[in-house]
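Asks: Contents of model_23.cif (mmCIF, C-alpha atoms) are given next:
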data_work
loop_
_atom_site.group_PDB
_atom_site.id
_atom_site.type_symbol
_atom_site.label_atom_id
_atom_site.label_comp_id
_atom_site.auth_asym_id
_atom_site.auth_seq_id
_atom_site.Cartn_x
_atom_site.Cartn_y
_atom_site.Cartn_z
ATOM 1 C CA MET A 1 92.145 104.089 66.715
ATOM 2 C CA SER A 2 93.147 106.103 69.778
ATOM 3 C CA ALA A 3 90.784 108.582 71.376
ATOM 4 C CA PRO A 4 91.419 112.256 70.534
ATOM 5 C CA LEU A 5 93.384 114.406 72.971
ATOM 6 C CA VAL A 6 91.019 117.363 72.727
ATOM 7 C CA VAL A 7 87.260 117.425 72.131
ATOM 8 C CA ASN A 8 85.005 120.439 71.591
ATOM 9 C CA THR A 9 81.305 120.027 72.348
ATOM 10 C CA LYS A 10 78.328 121.920 70.974
ATOM 11 C CA ASP A 11 77.839 123.872 74.210
ATOM 12 C CA GLY A 12 81.199 125.587 73.626
ATOM 13 C CA ALA A 13 83.167 123.543 76.168
ATOM 14 C CA CYS A 14 86.667 122.219 75.510
ATOM 15 C CA TRP A 15 87.602 118.835 77.005
ATOM 16 C CA THR A 16 91.054 117.255 77.280
ATOM 17 C CA ARG A 17 91.867 113.576 77.681
ATOM 18 C CA ARG A 18 93.269 113.040 81.172
ATOM 19 C CA THR A 19 93.622 109.274 81.528
ATOM 20 C CA VAL A 20 92.623 105.896 80.115
ATOM 21 C CA THR A 21 91.015 103.181 82.231
ATOM 22 C CA GLU A 22 92.310 99.619 82.431
ATOM 23 C CA GLY A 23 89.565 98.704 79.990
ATOM 24 C CA GLY A 24 90.908 101.191 77.445
ATOM 25 C CA ILE A 25 88.216 103.848 77.930
ATOM 26 C CA ALA A 26 89.447 107.433 77.585
ATOM 27 C CA LEU A 27 88.276 109.873 80.265
ATOM 28 C CA TYR A 28 87.944 113.617 79.713
ATOM 29 C CA ALA A 29 87.738 116.718 81.905
ATOM 30 C CA LEU A 30 87.179 120.384 81.100
ATOM 31 C CA ALA A 31 90.366 121.972 79.789
ATOM 32 C CA ASP A 32 90.452 124.795 82.343
ATOM 33 C CA VAL A 33 90.134 122.425 85.318
ATOM 34 C CA CYS A 34 93.585 121.715 86.738
ATOM 35 C CA SER A 35 92.692 118.484 88.544
ATOM 36 C CA CYS A 36 89.620 116.279 88.410
ATOM 37 C CA PRO A 37 88.799 112.915 90.062
ATOM 38 C CA GLU A 38 88.156 110.089 87.634
ATOM 39 C CA PHE A 39 84.648 109.353 88.864
ATOM 40 C CA VAL A 40 83.388 112.722 87.580
ATOM 41 C CA MET A 41 85.233 112.598 84.246
ATOM 42 C CA ALA A 42 83.325 112.002 81.020
ATOM 43 C CA THR A 43 83.789 109.285 78.425
ATOM 44 C CA LEU A 44 83.899 109.984 74.698
ATOM 45 C CA ASP A 45 80.416 108.475 74.324
ATOM 46 C CA GLU A 46 79.088 110.824 76.998
ATOM 47 C CA LEU A 47 80.639 113.791 75.196
ATOM 48 C CA ALA A 48 79.058 112.570 71.965
ATOM 49 C CA GLY A 49 75.719 112.824 73.743
ATOM 50 C CA ARG A 50 76.426 116.526 74.302
ATOM 51 C CA GLY A 51 77.256 116.950 70.612
ATOM 52 C CA ILE A 52 80.876 116.876 69.428
ATOM 53 C CA VAL A 53 81.735 119.666 66.985
ATOM 54 C CA GLY A 54 85.486 119.151 66.775
ATOM 55 C CA SER A 55 88.432 117.126 68.031
ATOM 56 C CA ALA A 56 92.203 116.958 67.721
ATOM 57 C CA ASP A 57 94.753 114.182 68.133
ATOM 58 C CA VAL A 58 97.582 116.584 68.951
ATOM 59 C CA LEU A 59 97.734 119.765 70.967
ATOM 60 C CA PRO A 60 98.918 122.933 69.239
ATOM 61 C CA MET A 61 101.992 124.578 70.634
ATOM 62 C CA PRO A 62 100.827 127.273 73.034
ATOM 63 C CA VAL A 63 101.530 130.816 71.958
ATOM 64 C CA ASP A 64 101.708 134.019 73.893
ATOM 65 C CA PRO A 65 98.062 135.144 74.141
ATOM 66 C CA GLY A 66 99.113 138.785 74.039
ATOM 67 C CA PRO A 67 98.250 141.512 76.503
ATOM 68 C CA VAL A 68 95.864 140.701 79.324
ATOM 69 C CA VAL A 69 92.880 143.034 79.067
ATOM 70 C CA ARG A 70 90.000 143.316 81.507
ATOM 71 C CA PRO A 71 86.734 142.280 79.756
ATOM 72 C CA ILE A 72 84.153 145.019 79.376
ATOM 73 C CA ALA A 73 81.229 144.828 81.794
ATOM 74 C CA LEU A 74 77.977 144.458 79.848
ATOM 75 C CA HIS A 75 74.369 144.307 80.937
ATOM 76 C CA GLU A 76 72.713 140.936 80.382
ATOM 77 C CA ALA A 77 70.470 142.330 77.639
ATOM 78 C CA GLN A 78 73.476 143.790 75.813
ATOM 79 C CA LEU A 79 75.405 140.535 76.026
ATOM 80 C CA ASP A 80 72.410 138.513 74.837
ATOM 81 C CA ALA A 81 71.911 140.819 71.839
ATOM 82 C CA LEU A 82 75.585 140.683 70.834
ATOM 83 C CA ALA A 83 75.743 136.894 71.207
ATOM 84 C CA ALA A 84 72.537 136.491 69.193
ATOM 85 C CA SER A 85 73.949 138.647 66.404
ATOM 86 C CA GLY A 86 77.199 136.676 66.345
ATOM 87 C CA ASN A 87 75.430 133.317 66.359
ATOM 88 C CA ARG A 88 73.095 134.444 63.584
ATOM 89 C CA ALA A 89 76.096 135.334 61.421
ATOM 90 C CA VAL A 90 77.731 131.958 62.148
ATOM 91 C CA ASN A 91 74.537 130.052 61.302
ATOM 92 C CA ASP A 92 74.066 131.995 58.054
ATOM 93 C CA LEU A 93 77.663 131.329 56.998
ATOM 94 C CA VAL A 94 77.600 127.585 57.733
ATOM 95 C CA HIS A 95 74.196 127.142 56.086
ATOM 96 C CA GLU A 96 75.398 128.990 52.997
ATOM 97 C CA ASP A 97 78.271 126.514 52.739
ATOM 98 C CA LEU A 98 76.179 123.372 53.321
ATOM 99 C CA CYS A 99 72.862 124.123 51.640
ATOM 100 C CA ALA A 100 72.177 127.735 50.571
ATOM 101 C CA CYS A 101 68.466 127.101 50.039
ATOM 102 C CA ASP A 102 66.153 130.081 49.509
ATOM 103 C CA ALA A 103 63.941 129.211 52.493
ATOM 104 C CA TRP A 104 66.617 130.107 55.055
ATOM 105 C CA PRO A 105 66.450 131.369 57.797
ATOM 106 C CA ALA A 106 62.761 130.548 58.272
ATOM 107 C CA LYS A 107 63.559 126.890 57.577
ATOM 108 C CA CYS A 108 65.993 124.671 55.690
ATOM 109 C CA LEU A 109 65.024 122.538 52.684
ATOM 110 C CA SER A 110 67.979 120.151 52.925
ATOM 111 C CA SER A 111 67.833 116.703 54.511
ATOM 112 C CA GLY A 112 70.071 117.831 57.373
ATOM 113 C CA GLY A 113 67.222 119.252 59.418
ATOM 114 C CA TYR A 114 69.147 122.465 60.004
ATOM 115 C CA PHE A 115 67.584 125.534 61.592
ATOM 116 C CA GLN A 116 68.638 128.996 62.719
ATOM 117 C CA GLY A 117 70.440 128.298 65.981
ATOM 118 C CA TYR A 118 71.681 124.825 64.998
ATOM 119 C CA TRP A 119 75.306 125.989 64.990
ATOM 120 C CA ASP A 120 75.135 128.424 67.911
ATOM 121 C CA TRP A 121 78.369 128.890 69.869
ATOM 122 C CA GLY A 122 77.658 128.662 73.581
ATOM 123 C CA TYR A 123 80.914 130.378 74.504
ATOM 124 C CA LEU A 124 80.189 133.682 72.738
ATOM 125 C CA GLU A 125 78.839 135.120 75.997
ATOM 126 C CA THR A 126 82.300 134.593 77.490
ATOM 127 C CA ALA A 127 84.291 135.696 74.445
ATOM 128 C CA ILE A 128 82.460 138.922 73.585
ATOM 129 C CA PRO A 129 83.355 140.952 76.731
ATOM 130 C CA ALA A 130 87.014 139.938 76.359
ATOM 131 C CA VAL A 131 87.097 140.804 72.645
ATOM 132 C CA LEU A 132 85.457 144.178 73.255
ATOM 133 C CA GLY A 133 87.864 144.850 76.098
ATOM 134 C CA LEU A 134 90.832 144.210 73.811
ATOM 135 C CA TRP A 135 89.257 146.312 71.058
ATOM 136 C CA GLU A 136 88.777 149.254 73.398
ATOM 137 C CA SER A 137 92.362 148.851 74.567
ATOM 138 C CA MET A 138 93.595 148.876 70.964
ATOM 139 C CA ARG A 139 91.551 151.986 70.221
ATOM 140 C CA GLY A 140 92.315 153.912 73.357
ATOM 141 C CA GLY A 141 95.579 152.591 74.793
ATOM 142 C CA ASP A 142 96.187 154.378 78.083
ATOM 143 C CA ARG A 143 92.716 155.895 77.832
ATOM 144 C CA VAL A 144 91.185 152.630 79.069
ATOM 145 C CA THR A 145 93.376 152.653 82.162
ATOM 146 C CA GLU A 146 92.463 156.286 82.808
ATOM 147 C CA LEU A 147 88.765 155.512 82.514
ATOM 148 C CA GLU A 148 89.084 152.602 84.934
ATOM 149 C CA ALA A 149 90.887 154.829 87.419
ATOM 150 C CA ALA A 150 88.163 157.453 87.051
ATOM 151 C CA ARG A 151 85.547 154.839 87.911
ATOM 152 C CA GLY A 152 87.477 154.004 91.062
ATOM 153 C CA THR A 153 88.653 150.520 90.074
ATOM 154 C CA VAL A 154 91.568 148.974 91.947
ATOM 155 C CA TYR A 155 93.084 145.518 91.644
ATOM 156 C CA ARG A 156 93.973 143.413 94.661
ATOM 157 C CA ALA A 157 96.875 140.995 94.258
ATOM 158 C CA GLU A 158 96.702 138.204 96.810
ATOM 159 C CA HIS A 159 97.291 134.580 97.722
ATOM 160 C CA PRO A 160 93.953 133.626 99.337
ATOM 161 C CA ASP A 161 95.033 130.143 100.422
ATOM 162 C CA SER A 162 97.763 131.714 102.561
ATOM 163 C CA GLY A 163 95.638 134.656 103.645
ATOM 164 C CA ILE A 164 98.219 137.059 102.207
ATOM 165 C CA ILE A 165 97.256 140.297 100.448
ATOM 166 C CA LEU A 166 100.184 141.421 98.320
ATOM 167 C CA GLY A 167 98.907 144.892 97.494
ATOM 168 C CA HIS A 168 96.340 147.065 95.742
ATOM 169 C CA TYR A 169 97.043 148.651 92.356
ATOM 170 C CA SER A 170 95.338 151.119 90.049
ATOM 171 C CA THR A 171 96.093 148.956 86.982
ATOM 172 C CA ILE A 172 95.636 145.255 86.414
ATOM 173 C CA ASP A 173 99.074 145.015 84.782
ATOM 174 C CA ALA A 174 100.793 146.065 88.010
ATOM 175 C CA ALA A 175 98.814 143.526 90.037
ATOM 176 C CA HIS A 176 99.646 140.811 87.515
ATOM 177 C CA GLU A 177 103.330 141.705 87.594
ATOM 178 C CA HIS A 178 103.466 141.387 91.387
ATOM 179 C CA CYS A 179 101.936 137.898 91.293
ATOM 180 C CA VAL A 180 104.056 136.691 88.378
ATOM 181 C CA THR A 181 107.266 137.918 90.005
ATOM 182 C CA LEU A 182 106.582 136.007 93.223
ATOM 183 C CA ALA A 183 105.483 132.868 91.376
ATOM 184 C CA ARG A 184 108.654 132.845 89.278
ATOM 185 C CA ARG A 185 110.756 133.284 92.412
ATOM 186 C CA GLU A 186 109.086 130.127 93.689
ATOM 187 C CA GLY A 187 110.142 128.256 90.545
ATOM 188 C CA ALA A 188 107.081 128.534 88.302
ATOM 189 C CA THR A 189 107.902 128.253 84.588
ATOM 190 C CA GLY A 190 106.028 128.181 81.296
ATOM 191 C CA LEU A 191 103.518 130.344 79.504
ATOM 192 C CA ILE A 192 101.373 132.593 81.672
ATOM 193 C CA SER A 193 97.602 132.295 81.710
ATOM 194 C CA TRP A 194 95.126 134.173 83.889
ATOM 195 C CA VAL A 195 92.114 131.920 84.455
ATOM 196 C CA PRO A 196 88.907 133.698 85.552
ATOM 197 C CA GLU A 197 86.725 132.117 88.207
ATOM 198 C CA ASP A 198 83.687 132.539 85.947
ATOM 199 C CA SER A 199 82.432 134.643 83.033
ATOM 200 C CA ASP A 200 81.672 137.694 85.185
ATOM 201 C CA PRO A 201 83.944 140.597 84.094
ATOM 202 C CA TRP A 202 84.560 141.315 87.797
ATOM 203 C CA SER A 203 85.548 137.731 88.515
ATOM 204 C CA PRO A 204 88.902 137.038 90.241
ATOM 205 C CA GLU A 205 91.624 135.600 87.997
ATOM 206 C CA GLU A 206 94.143 132.969 89.096
ATOM 207 C CA LEU A 207 97.691 132.919 87.767
ATOM 208 C CA THR A 208 98.323 129.624 85.972
ATOM 209 C CA PHE A 209 101.459 128.481 84.156
ATOM 210 C CA PHE A 210 101.182 126.271 81.071
ATOM 211 C CA ASP A 211 104.415 124.258 80.835
ATOM 212 C CA VAL A 212 104.995 122.469 77.512
ATOM 213 C CA GLU A 213 108.306 120.987 78.643
ATOM 214 C CA TYR A 214 106.628 118.723 81.188
ATOM 215 C CA CYS A 215 103.666 116.719 79.918
ATOM 216 C CA ASP A 216 101.655 113.911 81.447
ATOM 217 C CA GLY A 217 101.361 110.430 79.969
ATOM 218 C CA ASP A 218 98.912 111.650 77.346
ATOM 219 C CA ASP A 219 101.206 114.463 76.146
ATOM 220 C CA VAL A 220 99.021 117.094 77.783
ATOM 221 C CA PRO A 221 101.151 120.064 78.930
ATOM 222 C CA THR A 222 101.257 120.486 82.686
ATOM 223 C CA GLN A 223 99.170 123.237 84.247
ATOM 224 C CA ASN A 224 100.402 124.791 87.466
ATOM 225 C CA CYS A 225 97.712 126.676 89.379
ATOM 226 C CA THR A 226 99.799 128.967 91.576
ATOM 227 C CA GLY A 227 97.128 130.201 93.971
ATOM 228 C CA TYR A 228 98.003 133.824 93.189
ATOM 229 C CA VAL A 229 94.834 135.759 92.409
ATOM 230 C CA VAL A 230 94.019 139.246 91.122
ATOM 231 C CA THR A 231 90.585 140.585 92.042
ATOM 232 C CA PRO A 232 89.075 143.814 90.624
ATOM 233 C CA LEU A 233 87.420 146.023 93.228
ATOM 234 C CA GLU A 234 85.191 149.014 92.601
ATOM 235 C CA VAL A 235 85.938 151.781 95.075
ATOM 236 C CA PRO A 236 82.913 154.012 95.798
ATOM 237 C CA SER A 237 83.411 157.721 95.180
ATOM 238 C CA GLU A 238 80.765 158.756 97.710
ATOM 239 C CA TYR A 239 79.770 157.715 101.199
ATOM 240 C CA ASP A 240 76.579 155.637 101.345
ATOM 241 C CA ALA A 241 74.909 156.261 104.689
ATOM 242 C CA GLU A 242 72.250 153.624 104.033
ATOM 243 C CA ALA A 243 74.927 150.947 103.745
ATOM 244 C CA ASP A 244 75.706 151.357 107.469
ATOM 245 C CA GLU A 245 72.127 150.792 108.575
#
Before anything else, please render the file you have as C-alpha coordinates.
Replies:
Amino acid sequence: MSAPLVVNTKDGACWTRRTVTEGGIALYALADVCSCPEFVMATLDELAGRGIVGSADVLPMPVDPGPVVRPIALHEAQLDALAASGNRAVNDLVHEDLCACDAWPAKCLSSGGYFQGYWDWGYLETAIPAVLGLWESMRGGDRVTELEAARGTVYRAEHPDSGIILGHYSTIDAAHEHCVTLARREGATGLISWVPEDSDPWSPEELTFFDVEYCDGDDVPTQNCTGYVVTPLEVPSEYDAEADE
(Lines of atoms letter the chains of each structure in order from A and count residues from 1; the text may use other names and numbers.)
(Lines give C-alpha, C1' and ligand atoms only; values in the text may rest on other atoms or scores of the structure.)
Protein backbone atom coordinates (compact mmCIF):
# COMPACT_ATOMS: atom_id res chain seq x y z
CA MET A 1 0.00 0.00 0.00
CA SER A 2 1.45 3.36 -1.01
CA ALA A 3 1.95 6.14 1.51
CA PRO A 4 -0.70 8.90 1.48
CA LEU A 5 0.00 12.12 -0.40
CA VAL A 6 -1.31 14.36 2.37
CA VAL A 7 -1.27 13.85 6.14
CA ASN A 8 -2.89 15.99 8.83
CA THR A 9 -1.47 15.77 12.35
CA LYS A 10 -3.12 16.48 15.68
CA ASP A 11 -1.26 19.77 16.11
CA GLY A 12 -3.13 21.18 13.10
CA ALA A 13 -0.25 20.87 10.63
CA CYS A 14 -0.69 19.64 7.06
CA TRP A 15 2.13 17.58 5.52
CA THR A 16 2.62 16.61 1.87
CA ARG A 17 4.67 13.72 0.52
CA ARG A 18 7.70 15.15 -1.27
CA THR A 19 9.82 12.14 -2.18
CA VAL A 20 10.46 8.45 -1.53
CA THR A 21 13.86 7.10 -0.52
CA GLU A 22 15.61 4.24 -2.31
CA GLY A 23 14.41 2.02 0.50
CA GLY A 24 10.79 2.94 -0.23
CA ILE A 25 10.29 5.27 2.75
CA ALA A 26 8.02 8.25 2.06
CA LEU A 27 9.27 11.63 3.30
CA TYR A 28 6.99 14.52 4.20
CA ALA A 29 7.34 18.29 4.62
CA LEU A 30 4.92 20.97 5.75
CA ALA A 31 2.51 21.88 2.96
CA ASP A 32 3.27 25.61 3.02
CA VAL A 33 7.04 25.09 2.71
CA CYS A 34 8.07 25.45 -0.92
CA SER A 35 11.36 23.55 -0.67
CA CYS A 36 12.82 21.38 2.07
CA PRO A 37 16.03 19.29 2.25
CA GLU A 38 15.47 15.58 2.73
CA PHE A 39 17.43 15.34 5.96
CA VAL A 40 14.85 17.47 7.79
CA MET A 41 11.78 15.79 6.28
CA ALA A 42 9.62 13.49 8.40
CA THR A 43 8.69 9.87 7.82
CA LEU A 44 5.15 8.56 8.17
CA ASP A 45 6.12 6.84 11.43
CA GLU A 46 7.43 10.12 12.80
CA LEU A 47 4.18 11.85 11.86
CA ALA A 48 2.27 9.04 13.56
CA GLY A 49 4.18 9.93 16.72
CA ARG A 50 2.70 13.44 16.48
CA GLY A 51 -0.79 11.96 16.08
CA ILE A 52 -2.32 11.55 12.62
CA VAL A 53 -5.93 12.74 12.39
CA GLY A 54 -6.43 12.46 8.65
CA SER A 55 -4.80 11.57 5.34
CA ALA A 56 -5.57 11.53 1.63
CA ASP A 57 -4.22 9.55 -1.31
CA VAL A 58 -5.16 12.22 -3.84
CA LEU A 59 -5.05 15.98 -3.75
CA PRO A 60 -8.29 17.89 -4.31
CA MET A 61 -8.39 20.23 -7.24
CA PRO A 62 -7.51 23.68 -5.96
CA VAL A 63 -10.30 26.21 -6.05
CA ASP A 64 -10.27 29.96 -5.97
CA PRO A 65 -10.06 30.79 -2.25
CA GLY A 66 -12.12 33.93 -2.77
CA PRO A 67 -11.25 37.47 -1.78
CA VAL A 68 -8.07 38.05 0.18
CA VAL A 69 -8.99 39.71 3.47
CA ARG A 70 -6.61 41.00 6.11
CA PRO A 71 -7.08 38.99 9.36
CA ILE A 72 -8.37 40.96 12.32
CA ALA A 73 -5.76 41.83 14.94
CA LEU A 74 -6.73 40.29 18.28
CA HIS A 75 -5.17 40.47 21.71
CA GLU A 76 -3.71 37.18 22.93
CA ALA A 77 -6.40 36.81 25.60
CA GLN A 78 -9.15 37.34 23.02
CA LEU A 79 -7.64 34.79 20.65
CA ASP A 80 -7.18 32.25 23.43
CA ALA A 81 -10.81 32.65 24.54
CA LEU A 82 -12.17 32.27 21.00
CA ALA A 83 -9.99 29.23 20.28
CA ALA A 84 -11.01 27.63 23.58
CA SER A 85 -14.68 28.14 22.76
CA GLY A 86 -14.25 26.65 19.29
CA ASN A 87 -12.29 23.66 20.56
CA ARG A 88 -14.86 23.04 23.29
CA ALA A 89 -17.61 22.90 20.67
CA VAL A 90 -15.56 20.50 18.52
CA ASN A 91 -14.84 18.21 21.48
CA ASP A 92 -18.51 18.18 22.53
CA LEU A 93 -19.63 17.32 19.00
CA VAL A 94 -17.13 14.49 18.47
CA HIS A 95 -17.78 13.02 21.92
CA GLU A 96 -21.53 13.11 21.30
CA ASP A 97 -20.96 11.06 18.15
CA LEU A 98 -18.57 8.52 19.72
CA CYS A 99 -19.87 8.07 23.25
CA ALA A 100 -22.47 10.56 24.53
CA CYS A 101 -22.04 9.49 28.15
CA ASP A 102 -23.62 11.61 30.90
CA ALA A 103 -20.30 12.24 32.67
CA TRP A 104 -18.97 14.51 29.90
CA PRO A 105 -17.24 16.98 29.98
CA ALA A 106 -15.85 16.26 33.45
CA LYS A 107 -14.74 12.83 32.23
CA CYS A 108 -15.62 10.14 29.70
CA LEU A 109 -16.97 6.70 30.66
CA SER A 110 -16.04 4.99 27.39
CA SER A 111 -12.94 2.84 26.90
CA GLY A 112 -11.41 5.43 24.57
CA GLY A 113 -9.93 7.50 27.38
CA TYR A 114 -11.33 10.68 25.87
CA PHE A 115 -11.26 14.01 27.68
CA GLN A 116 -12.19 17.63 27.01
CA GLY A 117 -9.34 18.83 24.82
CA TYR A 118 -8.64 15.44 23.21
CA TRP A 119 -9.79 16.68 19.80
CA ASP A 120 -8.48 20.25 20.02
CA TRP A 121 -7.54 21.88 16.71
CA GLY A 122 -4.15 23.54 17.02
CA TYR A 123 -4.73 25.71 13.96
CA LEU A 124 -7.77 27.58 15.30
CA GLU A 125 -5.49 30.38 16.51
CA THR A 126 -4.49 30.94 12.88
CA ALA A 127 -7.95 30.46 11.37
CA ILE A 128 -10.01 32.65 13.71
CA PRO A 129 -8.47 36.07 12.80
CA ALA A 130 -8.85 35.26 9.09
CA VAL A 131 -12.46 34.11 9.49
CA LEU A 132 -13.37 37.19 11.52
CA GLY A 133 -11.65 39.39 8.96
CA LEU A 134 -13.74 37.88 6.17
CA TRP A 135 -16.90 38.16 8.28
CA GLU A 136 -16.29 41.84 8.93
CA SER A 137 -15.65 42.34 5.23
CA MET A 138 -18.93 40.60 4.37
CA ARG A 139 -20.79 42.74 6.89
CA GLY A 140 -19.20 46.05 6.10
CA GLY A 141 -17.82 45.89 2.56
CA ASP A 142 -16.00 49.14 1.89
CA ARG A 143 -16.43 50.07 5.54
CA VAL A 144 -13.51 47.80 6.48
CA THR A 145 -11.22 49.56 4.02
CA GLU A 146 -12.34 52.94 5.36
CA LEU A 147 -11.64 51.87 8.93
CA GLU A 148 -8.17 50.64 7.97
CA ALA A 149 -7.44 53.95 6.26
CA ALA A 150 -8.64 55.81 9.35
CA ARG A 151 -6.20 53.83 11.48
CA GLY A 152 -3.39 54.87 9.15
CA THR A 153 -2.68 51.47 7.61
CA VAL A 154 -0.76 51.31 4.34
CA TYR A 155 0.47 48.30 2.39
CA ARG A 156 3.95 48.11 0.93
CA ALA A 157 4.37 46.03 -2.23
CA GLU A 158 7.96 44.94 -2.69
CA HIS A 159 10.45 42.35 -3.86
CA PRO A 160 12.82 42.13 -0.86
CA ASP A 161 15.32 39.78 -2.52
CA SER A 162 15.94 42.41 -5.20
CA GLY A 163 15.72 45.34 -2.80
CA ILE A 164 12.90 46.83 -4.87
CA ILE A 165 9.94 48.64 -3.30
CA LEU A 166 7.11 48.71 -5.82
CA GLY A 167 4.87 51.17 -4.00
CA HIS A 168 2.69 51.95 -1.00
CA TYR A 169 -1.10 51.62 -1.14
CA SER A 170 -4.03 52.43 1.10
CA THR A 171 -5.69 49.06 0.36
CA ILE A 172 -4.26 45.57 0.35
CA ASP A 173 -6.06 44.77 -2.91
CA ALA A 174 -4.10 47.44 -4.77
CA ALA A 175 -0.80 46.17 -3.37
CA HIS A 176 -1.72 42.61 -4.32
CA GLU A 177 -2.67 43.67 -7.84
CA HIS A 178 0.70 45.36 -8.39
CA CYS A 179 2.60 42.22 -7.35
CA VAL A 180 0.39 39.84 -9.33
CA THR A 181 0.67 41.94 -12.48
CA LEU A 182 4.47 41.91 -12.38
CA ALA A 183 4.63 38.20 -11.56
CA ARG A 184 2.36 37.33 -14.48
CA ARG A 185 4.49 39.46 -16.80
CA GLU A 186 7.41 37.29 -15.71
CA GLY A 187 5.50 34.15 -16.71
CA ALA A 188 3.92 33.03 -13.43
CA THR A 189 0.77 30.94 -13.92
CA GLY A 190 -1.72 29.06 -11.76
CA LEU A 191 -3.94 29.82 -8.81
CA ILE A 192 -2.88 32.70 -6.60
CA SER A 193 -2.11 32.21 -2.93
CA TRP A 194 -0.81 34.76 -0.44
CA VAL A 195 1.26 32.91 2.16
CA PRO A 196 1.81 34.77 5.46
CA GLU A 197 5.20 34.63 7.14
CA ASP A 198 3.53 33.62 10.41
CA SER A 199 0.19 33.83 12.22
CA ASP A 200 0.62 37.50 13.18
CA PRO A 201 -2.11 39.58 11.45
CA TRP A 202 0.60 42.14 10.58
CA SER A 203 2.84 39.51 9.04
CA PRO A 204 4.14 40.03 5.47
CA GLU A 205 2.53 37.84 2.81
CA GLU A 206 4.39 36.33 -0.14
CA LEU A 207 2.73 35.85 -3.52
CA THR A 208 2.74 32.16 -4.42
CA PHE A 209 1.28 30.46 -7.50
CA PHE A 210 -0.21 26.97 -7.23
CA ASP A 211 0.10 25.35 -10.67
CA VAL A 212 -1.94 22.16 -11.17
CA GLU A 213 -0.74 21.70 -14.75
CA TYR A 214 2.81 20.95 -13.65
CA CYS A 215 3.19 18.38 -10.89
CA ASP A 216 6.20 16.62 -9.44
CA GLY A 217 6.72 12.86 -9.49
CA ASP A 218 4.25 12.39 -6.66
CA ASP A 219 1.47 14.35 -8.41
CA VAL A 220 1.90 17.28 -6.05
CA PRO A 221 1.06 20.56 -7.85
CA THR A 222 4.04 22.86 -8.26
CA GLN A 223 4.33 25.86 -5.98
CA ASN A 224 6.11 28.93 -7.29
CA CYS A 225 7.21 31.34 -4.56
CA THR A 226 7.62 34.57 -6.51
CA GLY A 227 9.46 36.67 -3.94
CA TYR A 228 6.86 39.43 -4.23
CA VAL A 229 5.71 40.46 -0.76
CA VAL A 230 3.00 42.73 0.65
CA THR A 231 3.65 44.11 4.13
CA PRO A 232 1.07 46.04 6.21
CA LEU A 233 2.44 49.15 7.89
CA GLU A 234 0.76 51.23 10.56
CA VAL A 235 1.38 54.92 9.97
CA PRO A 236 1.35 56.99 13.19
CA SER A 237 -1.10 59.88 13.27
CA GLU A 238 0.95 61.88 15.78
CA TYR A 239 4.59 62.71 16.28
CA ASP A 240 6.25 60.78 19.12
CA ALA A 241 9.05 62.91 20.52
CA GLU A 242 10.21 60.13 22.84
CA ALA A 243 10.89 57.88 19.86
CA ASP A 244 13.74 60.20 18.79
CA GLU A 245 15.52 60.03 22.13
Asks: Residues near segment 45-52 of chain A, anyone? I mean within 10 Å using only C-alpha atoms, not counting same-chain ones fewer than 5 positions away, as a count of residues only.
Replies: 13
Asks: Smallest atom-to-atom distance to Leu191 of chain A: which of A:Glu22, A:Ser162, A:Asp173, A:Gln223, using only C-alpha atoms?
Replies: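 Of all the options, A:Gln223 lies closest to Leu191 of chain A.
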Asks: Which residues would end up in the selection if the PyMOL selection byres ((chain A and resi 200) around 10) were applied here, given that I need the answer as a ChimeraX atom specification?
Replies: /A:71-74,125-126,129,196-199,201-204
Asks: Restricting the calculation to only C-alpha atoms, which member of A:Thr19, A:Thr208, A:Ser55, A:Thr222 is positioned closest to Pro4 of chain A?
Replies: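 When distances to Pro4 of chain A are compared using only C-alpha atoms, the smallest one comes from A:Ser55.
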Asks: Work out how far apart atom CA of His176 of chain A and atom CA of Ile128 of chain A are and give it in Å to one decimal.
Replies: 22.2 Å
